[in-house]
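*Asks:* Dropping in model-v4.pdb, which is PDB, C-alpha atoms and all ligand atoms:
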```pdb
ATOM      1  CA  MET A  16     -45.092  44.751  16.774  1.00  0.00           C
ATOM      2  CA  PRO A  17     -44.473  44.564  13.042  1.00  0.00           C
ATOM      3  CA  HIS A  18     -40.972  43.629  12.052  1.00  0.00           C
ATOM      4  CA  ARG A  19     -39.108  46.720  10.895  1.00  0.00           C
ATOM      5  CA  ASN A  20     -36.375  46.474   8.352  1.00  0.00           C
ATOM      6  CA  ARG A  21     -33.059  48.178   9.028  1.00  0.00           C
ATOM      7  CA  ASN A  22     -33.649  50.167   5.828  1.00  0.00           C
ATOM      8  CA  ASP A  23     -37.071  51.647   6.084  1.00  0.00           C
ATOM      9  CA  ASP A  24     -36.283  54.097   3.307  1.00  0.00           C
ATOM     10  CA  LYS A  25     -36.439  52.002   0.178  1.00  0.00           C
ATOM     11  CA  SER A  26     -35.917  54.575  -2.512  1.00  0.00           C
ATOM     12  CA  VAL A  27     -32.993  55.015  -4.831  1.00  0.00           C
ATOM     13  CA  LEU A  28     -31.986  57.252  -7.696  1.00  0.00           C
ATOM     14  CA  VAL A  29     -30.415  55.391 -10.613  1.00  0.00           C
ATOM     15  CA  ILE A  30     -28.555  57.495 -13.144  1.00  0.00           C
ATOM     16  CA  GLY A  31     -27.917  55.794 -16.481  1.00  0.00           C
ATOM     17  CA  LEU A  32     -30.247  53.081 -17.758  1.00  0.00           C
ATOM     18  CA  GLY A  33     -27.709  51.176 -19.840  1.00  0.00           C
ATOM     19  CA  ARG A  34     -27.188  47.438 -19.314  1.00  0.00           C
ATOM     20  CA  PHE A  35     -25.838  47.783 -15.775  1.00  0.00           C
ATOM     21  CA  GLY A  36     -28.168  50.547 -14.563  1.00  0.00           C
ATOM     22  CA  SER A  37     -31.306  48.975 -16.008  1.00  0.00           C
ATOM     23  CA  SER A  38     -30.541  45.507 -14.576  1.00  0.00           C
ATOM     24  CA  LEU A  39     -29.868  47.014 -11.173  1.00  0.00           C
ATOM     25  CA  ALA A  40     -32.978  49.205 -11.288  1.00  0.00           C
ATOM     26  CA  LEU A  41     -35.264  46.340 -12.341  1.00  0.00           C
ATOM     27  CA  GLU A  42     -33.897  44.073  -9.631  1.00  0.00           C
ATOM     28  CA  LEU A  43     -34.478  46.749  -6.991  1.00  0.00           C
ATOM     29  CA  VAL A  44     -38.075  47.183  -8.169  1.00  0.00           C
ATOM     30  CA  ASN A  45     -38.491  43.389  -7.914  1.00  0.00           C
ATOM     31  CA  ARG A  46     -37.277  43.639  -4.346  1.00  0.00           C
ATOM     32  CA  GLY A  47     -39.906  46.246  -3.538  1.00  0.00           C
ATOM     33  CA  TRP A  48     -37.812  49.391  -3.878  1.00  0.00           C
ATOM     34  CA  ASP A  49     -38.932  52.708  -5.372  1.00  0.00           C
ATOM     35  CA  VAL A  50     -36.599  53.566  -8.199  1.00  0.00           C
ATOM     36  CA  LEU A  51     -36.283  56.841 -10.038  1.00  0.00           C
ATOM     37  CA  GLY A  52     -34.441  56.030 -13.258  1.00  0.00           C
ATOM     38  CA  VAL A  53     -32.723  58.858 -15.112  1.00  0.00           C
ATOM     39  CA  ASP A  54     -31.151  58.899 -18.550  1.00  0.00           C
ATOM     40  CA  THR A  55     -30.459  61.441 -21.253  1.00  0.00           C
ATOM     41  CA  SER A  56     -31.809  59.000 -23.810  1.00  0.00           C
ATOM     42  CA  PRO A  57     -35.580  59.400 -24.418  1.00  0.00           C
ATOM     43  CA  ARG A  58     -35.588  55.918 -25.955  1.00  0.00           C
ATOM     44  CA  LEU A  59     -34.239  54.244 -22.803  1.00  0.00           C
ATOM     45  CA  VAL A  60     -36.470  56.273 -20.498  1.00  0.00           C
ATOM     46  CA  GLN A  61     -39.438  55.203 -22.612  1.00  0.00           C
ATOM     47  CA  THR A  62     -38.299  51.560 -22.523  1.00  0.00           C
ATOM     48  CA  TYR A  63     -38.234  51.445 -18.700  1.00  0.00           C
ATOM     49  CA  ALA A  64     -41.136  53.845 -18.018  1.00  0.00           C
ATOM     50  CA  ASP A  65     -43.573  51.076 -17.093  1.00  0.00           C
ATOM     51  CA  ALA A  66     -41.187  48.795 -15.241  1.00  0.00           C
ATOM     52  CA  LEU A  67     -39.604  51.368 -12.911  1.00  0.00           C
ATOM     53  CA  THR A  68     -41.420  53.419 -10.280  1.00  0.00           C
ATOM     54  CA  HIS A  69     -40.525  56.701 -11.997  1.00  0.00           C
ATOM     55  CA  THR A  70     -38.379  57.588 -14.972  1.00  0.00           C
ATOM     56  CA  VAL A  71     -37.230  60.944 -16.225  1.00  0.00           C
ATOM     57  CA  ILE A  72     -35.159  62.277 -19.103  1.00  0.00           C
ATOM     58  CA  ALA A  73     -32.446  64.446 -17.569  1.00  0.00           C
ATOM     59  CA  ASP A  74     -28.755  65.225 -17.788  1.00  0.00           C
ATOM     60  CA  ALA A  75     -27.233  64.254 -14.456  1.00  0.00           C
ATOM     61  CA  THR A  76     -24.229  66.511 -14.949  1.00  0.00           C
ATOM     62  CA  ASP A  77     -26.595  69.501 -14.813  1.00  0.00           C
ATOM     63  CA  GLU A  78     -27.026  70.684 -11.235  1.00  0.00           C
ATOM     64  CA  GLU A  79     -30.301  72.452 -11.960  1.00  0.00           C
ATOM     65  CA  ALA A  80     -31.761  69.357 -13.643  1.00  0.00           C
ATOM     66  CA  LEU A  81     -30.797  67.247 -10.617  1.00  0.00           C
ATOM     67  CA  ARG A  82     -32.449  69.735  -8.281  1.00  0.00           C
ATOM     68  CA  GLN A  83     -35.609  69.688 -10.356  1.00  0.00           C
ATOM     69  CA  ILE A  84     -35.930  65.925 -10.144  1.00  0.00           C
ATOM     70  CA  GLY A  85     -35.452  66.116  -6.371  1.00  0.00           C
ATOM     71  CA  ALA A  86     -32.098  64.312  -6.289  1.00  0.00           C
ATOM     72  CA  SER A  87     -31.238  65.842  -2.914  1.00  0.00           C
ATOM     73  CA  ASN A  88     -34.195  64.027  -1.325  1.00  0.00           C
ATOM     74  CA  PHE A  89     -32.574  60.661  -1.958  1.00  0.00           C
ATOM     75  CA  ASN A  90     -30.344  58.986   0.606  1.00  0.00           C
ATOM     76  CA  ARG A  91     -29.044  56.594  -2.024  1.00  0.00           C
ATOM     77  CA  ALA A  92     -28.004  56.990  -5.613  1.00  0.00           C
ATOM     78  CA  VAL A  93     -26.243  54.873  -8.201  1.00  0.00           C
ATOM     79  CA  VAL A  94     -24.221  56.423 -11.001  1.00  0.00           C
ATOM     80  CA  ALA A  95     -24.420  53.750 -13.667  1.00  0.00           C
ATOM     81  CA  ILE A  96     -22.661  55.678 -16.403  1.00  0.00           C
ATOM     82  CA  GLY A  97     -19.579  53.760 -17.448  1.00  0.00           C
ATOM     83  CA  THR A  98     -18.290  54.617 -20.850  1.00  0.00           C
ATOM     84  CA  HIS A  99     -18.719  58.398 -20.629  1.00  0.00           C
ATOM     85  CA  LEU A 100     -15.955  59.107 -18.163  1.00  0.00           C
ATOM     86  CA  GLU A 101     -16.499  62.832 -17.856  1.00  0.00           C
ATOM     87  CA  GLU A 102     -20.269  62.496 -17.339  1.00  0.00           C
ATOM     88  CA  SER A 103     -19.748  59.777 -14.746  1.00  0.00           C
ATOM     89  CA  ILE A 104     -17.340  61.912 -12.714  1.00  0.00           C
ATOM     90  CA  LEU A 105     -19.436  65.068 -13.017  1.00  0.00           C
ATOM     91  CA  ALA A 106     -22.697  63.318 -12.101  1.00  0.00           C
ATOM     92  CA  THR A 107     -21.030  61.739  -9.044  1.00  0.00           C
ATOM     93  CA  SER A 108     -19.621  65.052  -7.902  1.00  0.00           C
ATOM     94  CA  GLN A 109     -23.018  66.774  -8.321  1.00  0.00           C
ATOM     95  CA  LEU A 110     -24.649  64.155  -6.115  1.00  0.00           C
ATOM     96  CA  VAL A 111     -21.922  64.634  -3.513  1.00  0.00           C
ATOM     97  CA  ASP A 112     -22.576  68.402  -3.574  1.00  0.00           C
ATOM     98  CA  LEU A 113     -26.310  67.785  -3.173  1.00  0.00           C
ATOM     99  CA  GLY A 114     -25.576  65.803  -0.012  1.00  0.00           C
ATOM    100  CA  VAL A 115     -26.753  62.335  -1.126  1.00  0.00           C
ATOM    101  CA  SER A 116     -25.437  60.217   1.738  1.00  0.00           C
ATOM    102  CA  THR A 117     -24.692  56.937  -0.057  1.00  0.00           C
ATOM    103  CA  ILE A 118     -23.452  57.018  -3.622  1.00  0.00           C
ATOM    104  CA  TRP A 119     -22.563  53.898  -5.585  1.00  0.00           C
ATOM    105  CA  ALA A 120     -20.712  54.445  -8.831  1.00  0.00           C
ATOM    106  CA  LYS A 121     -19.765  52.129 -11.649  1.00  0.00           C
ATOM    107  CA  ALA A 122     -16.241  52.394 -13.042  1.00  0.00           C
ATOM    108  CA  THR A 123     -14.788  50.895 -16.176  1.00  0.00           C
ATOM    109  CA  SER A 124     -11.188  50.824 -14.927  1.00  0.00           C
ATOM    110  CA  ARG A 125      -9.288  51.048 -11.646  1.00  0.00           C
ATOM    111  CA  ARG A 126      -8.149  54.577 -12.514  1.00  0.00           C
ATOM    112  CA  HIS A 127     -11.729  55.630 -13.201  1.00  0.00           C
ATOM    113  CA  GLY A 128     -12.691  54.047  -9.860  1.00  0.00           C
ATOM    114  CA  ARG A 129      -9.990  55.970  -8.011  1.00  0.00           C
ATOM    115  CA  ILE A 130     -11.215  59.267  -9.448  1.00  0.00           C
ATOM    116  CA  LEU A 131     -14.795  58.453  -8.446  1.00  0.00           C
ATOM    117  CA  GLU A 132     -13.611  57.775  -4.894  1.00  0.00           C
ATOM    118  CA  GLN A 133     -11.676  61.028  -4.892  1.00  0.00           C
ATOM    119  CA  VAL A 134     -14.746  63.030  -5.880  1.00  0.00           C
ATOM    120  CA  GLY A 135     -16.679  61.370  -3.062  1.00  0.00           C
ATOM    121  CA  ALA A 136     -18.349  58.140  -4.249  1.00  0.00           C
ATOM    122  CA  HIS A 137     -18.854  55.885  -1.224  1.00  0.00           C
ATOM    123  CA  HIS A 138     -18.854  52.576  -3.109  1.00  0.00           C
ATOM    124  CA  VAL A 139     -17.187  51.967  -6.443  1.00  0.00           C
ATOM    125  CA  VAL A 140     -17.914  48.849  -8.457  1.00  0.00           C
ATOM    126  CA  LEU A 141     -16.006  47.518 -11.452  1.00  0.00           C
ATOM    127  CA  PRO A 142     -18.440  44.958 -12.883  1.00  0.00           C
ATOM    128  CA  GLU A 143     -16.498  43.967 -15.989  1.00  0.00           C
ATOM    129  CA  HIS A 144     -13.179  43.816 -14.210  1.00  0.00           C
ATOM    130  CA  ASP A 145     -14.591  41.812 -11.290  1.00  0.00           C
ATOM    131  CA  MET A 146     -16.495  39.412 -13.521  1.00  0.00           C
ATOM    132  CA  GLY A 147     -13.401  38.887 -15.691  1.00  0.00           C
ATOM    133  CA  GLU A 148     -11.341  37.957 -12.626  1.00  0.00           C
ATOM    134  CA  ARG A 149     -14.089  35.709 -11.347  1.00  0.00           C
ATOM    135  CA  VAL A 150     -14.420  33.814 -14.600  1.00  0.00           C
ATOM    136  CA  ALA A 151     -10.613  33.381 -14.675  1.00  0.00           C
ATOM    137  CA  HIS A 152     -10.754  31.692 -11.243  1.00  0.00           C
ATOM    138  CA  LEU A 153     -13.669  29.477 -12.260  1.00  0.00           C
ATOM    139  CA  LEU A 154     -12.157  28.563 -15.605  1.00  0.00           C
ATOM    140  CA  SER A 155      -8.671  27.750 -14.323  1.00  0.00           C
ATOM    141  CA  GLY A 156      -9.628  25.993 -11.085  1.00  0.00           C
ATOM    142  CA  GLN A 157     -12.041  23.413  -9.768  1.00  0.00           C
ATOM    143  CA  MET A 158     -14.435  25.724  -7.964  1.00  0.00           C
ATOM    144  CA  LEU A 159     -18.126  25.602  -8.766  1.00  0.00           C
ATOM    145  CA  ASP A 160     -18.560  29.212  -7.725  1.00  0.00           C
ATOM    146  CA  TYR A 161     -16.354  31.853  -6.238  1.00  0.00           C
ATOM    147  CA  VAL A 162     -16.580  35.351  -4.831  1.00  0.00           C
ATOM    148  CA  GLU A 163     -13.754  37.517  -3.532  1.00  0.00           C
ATOM    149  CA  LEU A 164     -15.205  39.427  -0.596  1.00  0.00           C
ATOM    150  CA  GLU A 165     -12.251  41.739  -0.427  1.00  0.00           C
ATOM    151  CA  GLU A 166      -8.684  41.766  -1.692  1.00  0.00           C
ATOM    152  CA  GLY A 167      -7.238  38.373  -0.763  1.00  0.00           C
ATOM    153  CA  PHE A 168     -10.246  36.903   1.066  1.00  0.00           C
ATOM    154  CA  SER A 169     -12.779  34.672  -0.701  1.00  0.00           C
ATOM    155  CA  LEU A 170     -15.699  32.311  -0.464  1.00  0.00           C
ATOM    156  CA  GLY A 171     -15.578  29.296  -2.760  1.00  0.00           C
ATOM    157  CA  LYS A 172     -18.132  26.602  -3.547  1.00  0.00           C
ATOM    158  CA  THR A 173     -16.582  23.219  -4.231  1.00  0.00           C
ATOM    159  CA  LYS A 174     -17.179  19.469  -4.064  1.00  0.00           C
ATOM    160  CA  ALA A 175     -16.241  17.865  -0.736  1.00  0.00           C
ATOM    161  CA  PRO A 176     -12.801  16.309  -1.374  1.00  0.00           C
ATOM    162  CA  LYS A 177     -12.451  12.555  -0.934  1.00  0.00           C
ATOM    163  CA  GLU A 178      -9.862  12.756   1.813  1.00  0.00           C
ATOM    164  CA  LEU A 179     -12.292  14.604   4.093  1.00  0.00           C
ATOM    165  CA  LEU A 180     -15.204  12.186   3.733  1.00  0.00           C
ATOM    166  CA  GLY A 181     -16.550  10.187   6.659  1.00  0.00           C
ATOM    167  CA  LYS A 182     -14.875  12.224   9.437  1.00  0.00           C
ATOM    168  CA  SER A 183     -16.116  15.223  11.377  1.00  0.00           C
ATOM    169  CA  LEU A 184     -14.584  18.569  10.458  1.00  0.00           C
ATOM    170  CA  ARG A 185     -13.017  18.632  13.930  1.00  0.00           C
ATOM    171  CA  GLU A 186     -11.275  15.320  13.261  1.00  0.00           C
ATOM    172  CA  THR A 187     -10.033  16.346   9.827  1.00  0.00           C
ATOM    173  CA  GLY A 188      -8.503  19.535  11.252  1.00  0.00           C
ATOM    174  CA  VAL A 189      -9.239  21.160   7.928  1.00  0.00           C
ATOM    175  CA  ARG A 190      -8.703  24.682   9.233  1.00  0.00           C
ATOM    176  CA  GLN A 191      -5.193  23.987  10.490  1.00  0.00           C
ATOM    177  CA  GLU A 192      -4.353  21.804   7.534  1.00  0.00           C
ATOM    178  CA  TYR A 193      -5.592  24.016   4.689  1.00  0.00           C
ATOM    179  CA  GLY A 194      -6.200  27.402   6.319  1.00  0.00           C
ATOM    180  CA  ILE A 195      -9.863  27.455   5.292  1.00  0.00           C
ATOM    181  CA  THR A 196     -13.126  27.236   7.194  1.00  0.00           C
ATOM    182  CA  VAL A 197     -15.998  25.095   5.946  1.00  0.00           C
ATOM    183  CA  VAL A 198     -18.964  27.448   6.282  1.00  0.00           C
ATOM    184  CA  SER A 199     -21.864  25.455   4.836  1.00  0.00           C
ATOM    185  CA  VAL A 200     -22.666  22.107   3.379  1.00  0.00           C
ATOM    186  CA  LYS A 201     -25.254  20.897   0.880  1.00  0.00           C
ATOM    187  CA  ARG A 202     -26.174  17.223   0.854  1.00  0.00           C
ATOM    188  CA  MET A 203     -27.401  15.730  -2.392  1.00  0.00           C
ATOM    189  CA  GLY A 204     -31.015  16.757  -2.939  1.00  0.00           C
ATOM    190  CA  ALA A 205     -31.044  19.020   0.122  1.00  0.00           C
ATOM    191  CA  GLU A 206     -30.471  22.714   0.719  1.00  0.00           C
ATOM    192  CA  PHE A 207     -27.384  24.420   2.089  1.00  0.00           C
ATOM    193  CA  THR A 208     -27.103  24.346   5.848  1.00  0.00           C
ATOM    194  CA  TYR A 209     -24.390  25.720   8.138  1.00  0.00           C
ATOM    195  CA  ALA A 210     -21.448  23.508   9.021  1.00  0.00           C
ATOM    196  CA  THR A 211     -20.242  22.824  12.556  1.00  0.00           C
ATOM    197  CA  GLN A 212     -17.192  21.070  13.996  1.00  0.00           C
ATOM    198  CA  GLU A 213     -19.315  17.908  14.156  1.00  0.00           C
ATOM    199  CA  THR A 214     -20.382  18.017  10.496  1.00  0.00           C
ATOM    200  CA  VAL A 215     -19.358  14.858   8.661  1.00  0.00           C
ATOM    201  CA  LEU A 216     -18.905  15.231   4.921  1.00  0.00           C
ATOM    202  CA  ASN A 217     -20.301  12.588   2.601  1.00  0.00           C
ATOM    203  CA  LYS A 218     -19.649  11.724  -0.999  1.00  0.00           C
ATOM    204  CA  GLY A 219     -21.486  14.126  -3.310  1.00  0.00           C
ATOM    205  CA  ASP A 220     -21.676  16.950  -0.747  1.00  0.00           C
ATOM    206  CA  VAL A 221     -21.045  20.448  -1.976  1.00  0.00           C
ATOM    207  CA  ILE A 222     -19.431  22.825   0.499  1.00  0.00           C
ATOM    208  CA  VAL A 223     -18.773  26.539   0.822  1.00  0.00           C
ATOM    209  CA  VAL A 224     -15.398  27.419   2.259  1.00  0.00           C
ATOM    210  CA  ALA A 225     -13.997  30.768   3.379  1.00  0.00           C
ATOM    211  CA  GLY A 226     -10.410  31.850   3.633  1.00  0.00           C
ATOM    212  CA  ARG A 227      -7.501  33.541   1.936  1.00  0.00           C
ATOM    213  CA  THR A 228      -8.015  33.369  -1.819  1.00  0.00           C
ATOM    214  CA  ASP A 229      -4.842  31.277  -2.341  1.00  0.00           C
ATOM    215  CA  ASP A 230      -5.907  28.806   0.341  1.00  0.00           C
ATOM    216  CA  VAL A 231      -9.469  28.535  -0.992  1.00  0.00           C
ATOM    217  CA  GLU A 232      -8.068  27.942  -4.468  1.00  0.00           C
ATOM    218  CA  ARG A 233      -5.582  25.313  -3.243  1.00  0.00           C
ATOM    219  CA  PHE A 234      -8.254  23.556  -1.201  1.00  0.00           C
ATOM    220  CA  SER A 235     -10.564  23.287  -4.221  1.00  0.00           C
ATOM    221  CA  GLU A 236      -7.766  21.517  -6.128  1.00  0.00           C
ATOM    222  CA  ILE A 237      -7.552  18.555  -3.738  1.00  0.00           C
ATOM    223  CA  VAL A 238      -9.556  15.562  -4.825  1.00  0.00           C
TER     224      VAL A 238
HETATM  225  P1  LIG A 301     -23.641  49.944 -19.803  1.00  0.00           P
HETATM  226  O1  LIG A 301     -22.314  49.371 -20.188  1.00  0.00           O
HETATM  227  O2  LIG A 301     -24.105  49.515 -18.440  1.00  0.00           O
HETATM  228  O3  LIG A 301     -24.703  49.795 -20.857  1.00  0.00           O
HETATM  229  P2  LIG A 301     -23.125  52.665 -20.551  1.00  0.00           P
HETATM  230  O4  LIG A 301     -22.024  53.484 -20.012  1.00  0.00           O
HETATM  231  O5  LIG A 301     -23.040  52.216 -21.969  1.00  0.00           O
HETATM  232  O6  LIG A 301     -23.340  51.495 -19.555  1.00  0.00           O
HETATM  233  O7  LIG A 301     -24.531  53.419 -20.412  1.00  0.00           O
HETATM  234  C1  LIG A 301     -24.707  54.433 -19.543  1.00  0.00           C
HETATM  235  C2  LIG A 301     -26.051  55.114 -19.712  1.00  0.00           C
HETATM  236  O8  LIG A 301     -25.934  56.386 -19.078  1.00  0.00           O
HETATM  237  C3  LIG A 301     -26.471  55.379 -21.155  1.00  0.00           C
HETATM  238  O9  LIG A 301     -27.796  54.919 -21.336  1.00  0.00           O
HETATM  239  C4  LIG A 301     -26.385  56.891 -21.281  1.00  0.00           C
HETATM  240  O10 LIG A 301     -27.419  57.423 -22.112  1.00  0.00           O
HETATM  241  C5  LIG A 301     -26.566  57.361 -19.862  1.00  0.00           C
HETATM  242  N1  LIG A 301     -25.937  58.650 -19.610  1.00  0.00           N
HETATM  243  C6  LIG A 301     -24.737  59.073 -20.070  1.00  0.00           C
HETATM  244  N2  LIG A 301     -24.491  60.328 -19.661  1.00  0.00           N
HETATM  245  C7  LIG A 301     -25.557  60.694 -18.900  1.00  0.00           C
HETATM  246  C8  LIG A 301     -25.902  61.872 -18.186  1.00  0.00           C
HETATM  247  N3  LIG A 301     -25.090  62.943 -18.168  1.00  0.00           N
HETATM  248  N4  LIG A 301     -27.062  61.903 -17.509  1.00  0.00           N
HETATM  249  C9  LIG A 301     -27.910  60.827 -17.522  1.00  0.00           C
HETATM  250  N5  LIG A 301     -27.640  59.702 -18.172  1.00  0.00           N
HETATM  251  C10 LIG A 301     -26.497  59.623 -18.864  1.00  0.00           C
END
```
Can I see the file as structure tokens?
*Replies:*
Amino acid sequence: MPHRNRNDDKSVLVIGLGRFGSSLALELVNRGWDVLGVDTSPRLVQTYADALTHTVIADATDEEALRQIGASNFNRAVVAIGTHLEESILATSQLVDLGVSTIWAKATSRRHGRILEQVGAHHVVLPEHDMGERVAHLLSGQMLDYVELEEGFSLGKTKAPKELLGKSLRETGVRQEYGITVVSVKRMGAEFTYATQETVLNKGDVIVVAGRTDDVERFSEIV
């Protein structure tokens, strides 16, 4: 039997083809998704006409226009309008009224995000805010990469600290000692693989650790 993906419906409506919306739309097309890209700007619609599955010039705050482009047939939509607060809120609320079951919306501030949630957006993203915080962690600490999965809980990529080398993770008791879990390890020249209690860290290994953000940060500081 052919392998069936959990998401057999691979179509999405993307409203706003600015920097965020266009990057997202192009990436989805690369991943084999059907994307209908919408913008009020004829120039942007023209720019992405060949790269996206479909593009249309329309005002997403206009209920009739949304009906005409078949917005209610989509299970997923992204409102990628950031700077025009009113349009972003109105477009989101129109999609909610049309019954789109999963709506992602981009916000430019926490307050904007709260309003989008109140009108019914299911997922709110704050790309500039999140990236700013992420760069602050990378710049001020020793981590090679970092992602906060939710408030207070993170994954961090860091070099294996000297004091943990040559012993198994069980022996080092790293979880009790630092409150973090070593999730994966990458030997020099090899790919990431999962870590177990028996994993022994060597010089030059890069590891991914999970835990409370403070603990992940503190762990990455030890040498
Ligand atoms: P970015 O920072 O990602 O470039 P912007 O907020 O600058 O985001 O761009 C949002 C895009 O959304 C713009 O291309 C704009 O033309 C489009 N847009 C704004 N209002 C509407 C609307 N009512 N309907 C459709 N597209 C819109």
*Asks:* Using all atoms of ligand LIG 301 (chain A) listed in the file and a margin of 8 Å per side, can you give the axis-aligned box centre and edge lengths in Å to one decimal, as JSON?
*Replies:*
```
{"center_x": -25.0, "center_y": 56.2, "center_z": -19.8, "size_x": 21.9, "size_y": 29.6, "size_z": 20.6}
```
*Asks:* Which residues come within 10 Å of A:Ile84, counting all atoms listed in the file, excluding same-chain residues fewer than 5 positions away, as a PyMOL selection string?
*Replies:* chain A and resi 28+51+53+70-73+75+79
*Asks:* With C-alpha atoms retained, export the selected residues as a CSV table (one decimal), in the frame of the given file.
*Replies:*
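Okay, this is what ended up in part.csv:
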```
chain,number,residue,atom,x,y,z
A,28,LEU,CA,-32.0,57.3,-7.7
A,51,LEU,CA,-36.3,56.8,-10.0
A,53,VAL,CA,-32.7,58.9,-15.1
A,70,THR,CA,-38.4,57.6,-15.0
A,71,VAL,CA,-37.2,60.9,-16.2
A,72,ILE,CA,-35.2,62.3,-19.1
A,73,ALA,CA,-32.4,64.4,-17.6
A,75,ALA,CA,-27.2,64.3,-14.5
A,79,GLU,CA,-30.3,72.5,-12.0
```
*Asks:* Hey, which residues come within 10 Å of ligand LIG 301 (chain A) if we count only C-alpha atoms and all ligand atoms? Could you give them as a ChimeraX atom specification?
*Replies:* /A:29-39,52-60,71-77,80-81,94-106,121-123,142-143
*Asks:* Just write the chosen residues, C-alpha atoms, as a CSV table (one decimal), in the frame of the given file.
*Replies:*
```
chain,number,residue,atom,x,y,z
A,29,VAL,CA,-30.4,55.4,-10.6
A,30,ILE,CA,-28.6,57.5,-13.1
A,31,GLY,CA,-27.9,55.8,-16.5
A,32,LEU,CA,-30.2,53.1,-17.8
A,33,GLY,CA,-27.7,51.2,-19.8
A,34,ARG,CA,-27.2,47.4,-19.3
A,35,PHE,CA,-25.8,47.8,-15.8
A,36,GLY,CA,-28.2,50.5,-14.6
A,37,SER,CA,-31.3,49.0,-16.0
A,38,SER,CA,-30.5,45.5,-14.6
A,39,LEU,CA,-29.9,47.0,-11.2
A,52,GLY,CA,-34.4,56.0,-13.3
A,53,VAL,CA,-32.7,58.9,-15.1
A,54,ASP,CA,-31.2,58.9,-18.6
A,55,THR,CA,-30.5,61.4,-21.3
A,56,SER,CA,-31.8,59.0,-23.8
A,57,PRO,CA,-35.6,59.4,-24.4
A,58,ARG,CA,-35.6,55.9,-26.0
A,59,LEU,CA,-34.2,54.2,-22.8
A,60,VAL,CA,-36.5,56.3,-20.5
A,71,VAL,CA,-37.2,60.9,-16.2
A,72,ILE,CA,-35.2,62.3,-19.1
A,73,ALA,CA,-32.4,64.4,-17.6
A,74,ASP,CA,-28.8,65.2,-17.8
A,75,ALA,CA,-27.2,64.3,-14.5
A,76,THR,CA,-24.2,66.5,-14.9
A,77,ASP,CA,-26.6,69.5,-14.8
A,80,ALA,CA,-31.8,69.4,-13.6
A,81,LEU,CA,-30.8,67.2,-10.6
A,94,VAL,CA,-24.2,56.4,-11.0
A,95,ALA,CA,-24.4,53.8,-13.7
A,96,ILE,CA,-22.7,55.7,-16.4
A,97,GLY,CA,-19.6,53.8,-17.4
A,98,THR,CA,-18.3,54.6,-20.8
A,99,HIS,CA,-18.7,58.4,-20.6
A,100,LEU,CA,-16.0,59.1,-18.2
A,101,GLU,CA,-16.5,62.8,-17.9
A,102,GLU,CA,-20.3,62.5,-17.3
A,103,SER,CA,-19.7,59.8,-14.7
A,104,ILE,CA,-17.3,61.9,-12.7
A,105,LEU,CA,-19.4,65.1,-13.0
A,106,ALA,CA,-22.7,63.3,-12.1
A,121,LYS,CA,-19.8,52.1,-11.6
A,122,ALA,CA,-16.2,52.4,-13.0
A,123,THR,CA,-14.8,50.9,-16.2
A,142,PRO,CA,-18.4,45.0,-12.9
A,143,GLU,CA,-16.5,44.0,-16.0
```
*Asks:* So which residues are close to (-11.4, 38.7, -1.8), meaning at most 10 Å away in the file's coordinates with all atoms listed in the file counted, and can you show them as JSON, numbers by chain?
*Replies:* {"A": [161, 162, 163, 164, 165, 166, 167, 168, 169, 170, 225, 226, 227, 228, 229]}
*Asks:* Produce a file of the selected residues containing C-alpha atoms, as an mmCIF file, in the frame of the given file.
*Replies:*
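This is the output file part-v7.cif:
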```cif
data_model
loop_
_atom_site.group_PDB
_atom_site.id
_atom_site.type_symbol
_atom_site.label_atom_id
_atom_site.label_comp_id
_atom_site.auth_asym_id
_atom_site.auth_seq_id
_atom_site.Cartn_x
_atom_site.Cartn_y
_atom_site.Cartn_z
ATOM 1 C CA TYR A 161 -16.354 31.853 -6.238
ATOM 2 C CA VAL A 162 -16.580 35.351 -4.831
ATOM 3 C CA GLU A 163 -13.754 37.517 -3.532
ATOM 4 C CA LEU A 164 -15.205 39.427 -0.596
ATOM 5 C CA GLU A 165 -12.251 41.739 -0.427
ATOM 6 C CA GLU A 166 -8.684 41.766 -1.692
ATOM 7 C CA GLY A 167 -7.238 38.373 -0.763
ATOM 8 C CA PHE A 168 -10.246 36.903 1.066
ATOM 9 C CA SER A 169 -12.779 34.672 -0.701
ATOM 10 C CA LEU A 170 -15.699 32.311 -0.464
ATOM 11 C CA ALA A 225 -13.997 30.768 3.379
ATOM 12 C CA GLY A 226 -10.410 31.850 3.633
ATOM 13 C CA ARG A 227 -7.501 33.541 1.936
ATOM 14 C CA THR A 228 -8.015 33.369 -1.819
ATOM 15 C CA ASP A 229 -4.842 31.277 -2.341
#
```
*Asks:* Go through stretch 63-171 of chain A residue by residue and, counting only C-alpha atoms, keep those with an atom at most 12 Å from stretch 200-221 of chain A; for each kept residue give the shortest atom pair and its distance in Å to one decimal, ordered by chain and increasing number, as JSON lines.
*Replies:*
```
{"residue": "A:Met158", "atom": "CA", "partner": "A:Val221", "partner_atom": "CA", "distance": 10.4}
{"residue": "A:Leu159", "atom": "CA", "partner": "A:Val221", "partner_atom": "CA", "distance": 9.0}
{"residue": "A:Asp160", "atom": "CA", "partner": "A:Val221", "partner_atom": "CA", "distance": 10.8}
{"residue": "A:Gly171", "atom": "CA", "partner": "A:Val221", "partner_atom": "CA", "distance": 10.4}
```
*Asks:* By how many Å are atom CA of A:Gly47 and atom CA of A:Lys25 apart?
*Replies:*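 Interatomic distance here is 7.7 Å.
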*Asks:* Skipping near chain neighbours, those fewer than 4 positions away, what residues fall within 7 Å of A:Ser235 using only C-alpha atoms, listed as an MDAnalysis selection string?
*Replies:* chainID A and resid 157:158 173 231
*Asks:* Restricting the calculation to all atoms listed in the file: of A:Arg91, A:His152, A:His137, A:Arg233, which residue gets closest to A:Glu192?
*Replies:*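 Selected residue with least distance to A:Glu192: A:Arg233.
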*Asks:* One number please: atom CA of A:Glu42 to atom CA of A:His138, in Å, one decimal.
*Replies:*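 If I compute the distance from atom CA of A:Glu42 to atom CA of A:His138, I get 18.5 Å.
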